Amino acid sequence: MAPLQVFAWQWHVTAATMLQATHSFVPLETFLGDALREFRGDPDLLLARGSLDETRAGVDVIDASVARDIYTDLHRNRHRAQLLQAASDFGQAIRQEPTLYEAHLRLGRVRFLLGEHRRAEEALRAASVPGAPLLVRYLAAVFRGNVAEARRDEATARRHYERALDLLPGAQAPMLALSRMCDARGDTACARRWLVASLNAVDDTRREDYWWTYPRGQTWRIAERIAELRRLGLE
Amino acid sequence: MASITHAALTAVLLVVALVPLRGATDSTSLETYEALLTRYASGDYEGAAEAAAAMTADEVRSVVAAAVHEAEQQRIQRRSLGAEETDRLRAKELRFLVRSVLLQTEAATRVSRDRFIERLSLAREGLLRLWDFEQASHMPPADDGAPGLLYAPAPARVTKRSWLKGARWPPSRCSRGNGT
């Protein structure tokens, strides 16, 4: 591959990440459309586009549990179509690059949101391997907890949330999940303990939980991508 | 009548006085910008990007256009240049364009939110110039009957697309990080 092509590709991926970081969703959509015409089938760009659809779907339906009661069929169908589109992009990205673990993670979450629990668990398991980045393994544990909860498998759900806390002890999301599970079975003291722990785990300067930045796609890789762009351009 | 003549003369004198001044300003801007690129390349990413972010988009466009124009002028004369000198000029221009893309990309992260897209677009313009430069560099000289740099073929971008269609990305992907 000619070095200029590599540089141009890296620039597009980096710029897409910058657009994600600033929540510039409208320009990002156009940008990714153009970029994918230039770099057809590129897994990182597909991952970025899928992440955009996933985030937009999340904004469209904040609480899926009440979607049937408060949204029109049209709205729900559009939401589902967005999730399916995201799943398609993640699936393509994985076919191109099977070790793109974040694509497995997001595919698992989208499958979960589509109600496909078995397929969700499969994808999330693929994201839980030791070679995956910490962020991916942590979120995979949280999402596997969600899937187990939906299957009413409380013991497994608790195990996944505890595993998430092993990976990221200061993370708030698994603490809240554990608190909610305690509350659901009537254990108020346990619920309060996890709730207080979650409140103590976060302040204005300390937000260790990757869930905070999950809607911003691959923002967590921005420093790495800028460094790589510099390396390609200056070496 | 006398006052009209006087006014016209004043205007002419003013224009005569301003022409060299404008030239000097352009030249200084280009030099300043090149110094900024050197500063960036030497590792002062923060400082250089901050300084670049303080420039307006029009200022950047004007300086880059001046640099490209200057390089084109030099390339037009390439018949009289040796291969070594031609290569040196080409490398210099390539370095300028690549560093400019990098600098403007990083400047985009340091401007206010309402200027972010504009600044990122500026970086992308630089990338397109880079494509065009690469395209032009692989064309035969203008004097052999084939369309060359002087004719700056409009379908350069179309050609670029078809060139990209054949590109295969996976082999080098292995060397890229996966955020681990």
# chains A, B, ... in the order shown; residues from 1 in each chain; ligands from 1
>>> closest_atom_pairs(of="chain A", to="chain B", cutoff="8 Å", atoms="only C-alpha atoms", output="Markdown table")
| residue | atom | partner | partner_atom | distance |
| --- | --- | --- | --- | --- |
| A:Met1 | CA | B:Ala167 | CA | 7.1 |
| A:Ala8 | CA | B:Leu127 | CA | 7.1 |
| A:Ala15 | CA | B:Leu120 | CA | 7.5 |
| A:Met18 | CA | B:Thr109 | CA | 7.7 |
| A:Thr22 | CA | B:Arg113 | CA | 7.9 |
| A:Glu38 | CA | B:Leu164 | CA | 6.7 |
| A:Phe39 | CA | B:Leu164 | CA | 7.5 |
| A:Arg40 | CA | B:Lys165 | CA | 7.9 |
| A:Asp42 | CA | B:Trp169 | CA | 7.7 |
| A:Gln96 | CA | B:Pro170 | CA | 8.0 |
| A:Leu100 | CA | B:Asn178 | CA | 6.9 |
| A:Gly131 | CA | B:Thr180 | CA | 7.6 |
| A:Ala132 | CA | B:Thr180 | CA | 6.6 |
| A:Pro133 | CA | B:Thr180 | CA | 4.4 |
| A:Leu134 | CA | B:Thr180 | CA | 7.2 |
| A:Arg221 | CA | B:Gly179 | CA | 6.4 |
| A:Glu224 | CA | B:Gly179 | CA | 7.4 |
| A:Leu229 | CA | B:Leu102 | CA | 7.6 |
| A:Arg230 | CA | B:Leu102 | CA | 6.8 |
| A:Gly233 | CA | B:Val98 | CA | 6.1 |
| A:Leu234 | CA | B:Ala41 | CA | 6.6 |
>>> residues_around(residues="Asn200 in chain A", least_positions_apart="4", cutoff="10 Å", atoms="only C-alpha atoms", output="mmCIF file with N, CA and C atoms, in the first residue's frame")
data_model
loop_
_atom_site.group_PDB
_atom_site.id
_atom_site.type_symbol
_atom_site.label_atom_id
_atom_site.label_comp_id
_atom_site.auth_asym_id
_atom_site.auth_seq_id
_atom_site.Cartn_x
_atom_site.Cartn_y
_atom_site.Cartn_z
ATOM 1 N N GLY A 170 -13.369 1.139 40.177
ATOM 2 C CA GLY A 170 -14.046 2.411 40.425
ATOM 3 C C GLY A 170 -15.252 2.653 39.530
ATOM 4 N N GLN A 172 -18.949 2.802 38.108
ATOM 5 C CA GLN A 172 -20.231 3.062 38.764
ATOM 6 C C GLN A 172 -21.343 2.135 38.257
ATOM 7 N N TRP A 194 -24.460 -0.755 47.879
ATOM 8 C CA TRP A 194 -23.939 -0.572 46.511
ATOM 9 C C TRP A 194 -24.225 0.840 45.999
ATOM 10 N N LEU A 195 -25.359 1.374 46.387
ATOM 11 C CA LEU A 195 -25.719 2.727 45.941
ATOM 12 C C LEU A 195 -24.736 3.757 46.496
ATOM 13 N N VAL A 196 -24.446 3.643 47.804
ATOM 14 C CA VAL A 196 -23.499 4.569 48.436
ATOM 15 C C VAL A 196 -22.111 4.405 47.799
#
>>> closest_residue(among="B:Leu94, B:Leu122, B:Val64, B:Ala136", to="Ala107 in chain B", atoms="only C-alpha atoms")
B:Leu122
>>> residues_around(residues="range 142-146 of chain A", least_positions_apart="2", cutoff="8 Å", atoms="only C-alpha atoms", output="PyMOL selection string")
chain A and resi 108-109+121+124+138-140+148-150+156-161+164+173-174
>>> closest_residue(among="B:Glu70, B:Glu118, B:Ser137, B:Ala49", to="Ala91 in chain B", atoms="only C-alpha atoms")
B:Ser137
>>> select_by_dssp(residues="range 19-207 of chain A", states="alpha helix (DSSP H)", output="VMD selection string")
chain A and resid 19 to 21 25 to 38 43 to 60 67 to 70 73 to 96 101 to 113 117 to 126 134 to 150 154 to 167 173 to 184 188 to 200
>>> decode(residues="range 90-117 of chain A", atoms="N, CA and C atoms", output="PDB file, in the first residue's frame")
ATOM      1  N   PHE A  90     -21.389  -3.691  12.116  1.00  0.00           N
ATOM      2  CA  PHE A  90     -20.480  -4.383  13.048  1.00  0.00           C
ATOM      3  C   PHE A  90     -20.124  -5.771  12.509  1.00  0.00           C
ATOM      4  N   GLY A  91     -21.132  -6.453  11.967  1.00  0.00           N
ATOM      5  CA  GLY A  91     -20.893  -7.790  11.416  1.00  0.00           C
ATOM      6  C   GLY A  91     -19.894  -7.754  10.265  1.00  0.00           C
ATOM      7  N   GLN A  92     -20.063  -6.769   9.385  1.00  0.00           N
ATOM      8  CA  GLN A  92     -19.122  -6.626   8.257  1.00  0.00           C
ATOM      9  C   GLN A  92     -17.712  -6.323   8.757  1.00  0.00           C
ATOM     10  N   ALA A  93     -17.652  -5.434   9.766  1.00  0.00           N
ATOM     11  CA  ALA A  93     -16.342  -5.062  10.321  1.00  0.00           C
ATOM     12  C   ALA A  93     -15.640  -6.299  10.889  1.00  0.00           C
ATOM     13  N   ILE A  94     -16.400  -7.136  11.566  1.00  0.00           N
ATOM     14  CA  ILE A  94     -15.819  -8.348  12.171  1.00  0.00           C
ATOM     15  C   ILE A  94     -15.333  -9.303  11.081  1.00  0.00           C
ATOM     16  N   ARG A  95     -16.113  -9.414  10.013  1.00  0.00           N
ATOM     17  CA  ARG A  95     -15.687 -10.304   8.918  1.00  0.00           C
ATOM     18  C   ARG A  95     -14.365  -9.822   8.322  1.00  0.00           C
ATOM     19  N   GLN A  96     -14.207  -8.494   8.256  1.00  0.00           N
ATOM     20  CA  GLN A  96     -12.961  -7.940   7.716  1.00  0.00           C
ATOM     21  C   GLN A  96     -11.809  -8.091   8.707  1.00  0.00           C
ATOM     22  N   GLU A  97     -12.123  -7.873   9.974  1.00  0.00           N
ATOM     23  CA  GLU A  97     -11.059  -7.900  10.991  1.00  0.00           C
ATOM     24  C   GLU A  97     -11.592  -8.548  12.271  1.00  0.00           C
ATOM     25  N   PRO A  98     -11.453  -9.871  12.360  1.00  0.00           N
ATOM     26  CA  PRO A  98     -12.051 -10.595  13.489  1.00  0.00           C
ATOM     27  C   PRO A  98     -11.540 -10.166  14.866  1.00  0.00           C
ATOM     28  N   THR A  99     -10.366  -9.545  14.926  1.00  0.00           N
ATOM     29  CA  THR A  99      -9.841  -9.131  16.243  1.00  0.00           C
ATOM     30  C   THR A  99     -10.217  -7.693  16.591  1.00  0.00           C
ATOM     31  N   LEU A 100     -11.134  -7.130  15.855  1.00  0.00           N
ATOM     32  CA  LEU A 100     -11.627  -5.800  16.221  1.00  0.00           C
ATOM     33  C   LEU A 100     -12.677  -6.005  17.321  1.00  0.00           C
ATOM     34  N   TYR A 101     -12.179  -6.122  18.539  1.00  0.00           N
ATOM     35  CA  TYR A 101     -13.021  -6.583  19.658  1.00  0.00           C
ATOM     36  C   TYR A 101     -14.171  -5.639  19.979  1.00  0.00           C
ATOM     37  N   GLU A 102     -13.944  -4.353  19.747  1.00  0.00           N
ATOM     38  CA  GLU A 102     -15.021  -3.402  20.040  1.00  0.00           C
ATOM     39  C   GLU A 102     -16.240  -3.671  19.145  1.00  0.00           C
ATOM     40  N   ALA A 103     -15.998  -4.159  17.944  1.00  0.00           N
ATOM     41  CA  ALA A 103     -17.126  -4.470  17.043  1.00  0.00           C
ATOM     42  C   ALA A 103     -17.937  -5.643  17.612  1.00  0.00           C
ATOM     43  N   HIS A 104     -17.259  -6.636  18.189  1.00  0.00           N
ATOM     44  CA  HIS A 104     -17.965  -7.754  18.845  1.00  0.00           C
ATOM     45  C   HIS A 104     -18.813  -7.220  20.009  1.00  0.00           C
ATOM     46  N   LEU A 105     -18.180  -6.324  20.784  1.00  0.00           N
ATOM     47  CA  LEU A 105     -18.869  -5.754  21.950  1.00  0.00           C
ATOM     48  C   LEU A 105     -20.153  -5.037  21.532  1.00  0.00           C
ATOM     49  N   ARG A 106     -20.015  -4.168  20.551  1.00  0.00           N
ATOM     50  CA  ARG A 106     -21.175  -3.370  20.122  1.00  0.00           C
ATOM     51  C   ARG A 106     -22.218  -4.237  19.421  1.00  0.00           C
ATOM     52  N   LEU A 107     -21.748  -5.234  18.685  1.00  0.00           N
ATOM     53  CA  LEU A 107     -22.702  -6.152  18.051  1.00  0.00           C
ATOM     54  C   LEU A 107     -23.509  -6.866  19.139  1.00  0.00           C
ATOM     55  N   GLY A 108     -22.813  -7.272  20.204  1.00  0.00           N
ATOM     56  CA  GLY A 108     -23.501  -7.946  21.310  1.00  0.00           C
ATOM     57  C   GLY A 108     -24.553  -7.055  21.949  1.00  0.00           C
ATOM     58  N   ARG A 109     -24.195  -5.793  22.162  1.00  0.00           N
ATOM     59  CA  ARG A 109     -25.158  -4.884  22.801  1.00  0.00           C
ATOM     60  C   ARG A 109     -26.365  -4.644  21.893  1.00  0.00           C
ATOM     61  N   VAL A 110     -26.093  -4.472  20.602  1.00  0.00           N
ATOM     62  CA  VAL A 110     -27.193  -4.217  19.666  1.00  0.00           C
ATOM     63  C   VAL A 110     -28.104  -5.441  19.561  1.00  0.00           C
ATOM     64  N   ARG A 111     -27.496  -6.622  19.546  1.00  0.00           N
ATOM     65  CA  ARG A 111     -28.309  -7.856  19.520  1.00  0.00           C
ATOM     66  C   ARG A 111     -29.190  -7.926  20.778  1.00  0.00           C
ATOM     67  N   PHE A 112     -28.610  -7.518  21.894  1.00  0.00           N
ATOM     68  CA  PHE A 112     -29.378  -7.503  23.149  1.00  0.00           C
ATOM     69  C   PHE A 112     -30.567  -6.540  23.027  1.00  0.00           C
ATOM     70  N   LEU A 113     -30.307  -5.354  22.490  1.00  0.00           N
ATOM     71  CA  LEU A 113     -31.384  -4.365  22.345  1.00  0.00           C
ATOM     72  C   LEU A 113     -32.454  -4.841  21.362  1.00  0.00           C
ATOM     73  N   LEU A 114     -32.049  -5.713  20.437  1.00  0.00           N
ATOM     74  CA  LEU A 114     -33.018  -6.271  19.486  1.00  0.00           C
ATOM     75  C   LEU A 114     -33.765  -7.466  20.080  1.00  0.00           C
ATOM     76  N   GLY A 115     -33.383  -7.838  21.288  1.00  0.00           N
ATOM     77  CA  GLY A 115     -34.047  -8.954  21.968  1.00  0.00           C
ATOM     78  C   GLY A 115     -33.477 -10.313  21.608  1.00  0.00           C
ATOM     79  N   GLU A 116     -32.332 -10.339  20.907  1.00  0.00           N
ATOM     80  CA  GLU A 116     -31.714 -11.615  20.496  1.00  0.00           C
ATOM     81  C   GLU A 116     -30.670 -12.003  21.543  1.00  0.00           C
ATOM     82  N   HIS A 117     -31.120 -12.519  22.650  1.00  0.00           N
ATOM     83  CA  HIS A 117     -30.225 -12.722  23.792  1.00  0.00           C
ATOM     84  C   HIS A 117     -29.125 -13.753  23.554  1.00  0.00           C
TER      85      HIS A 117
END
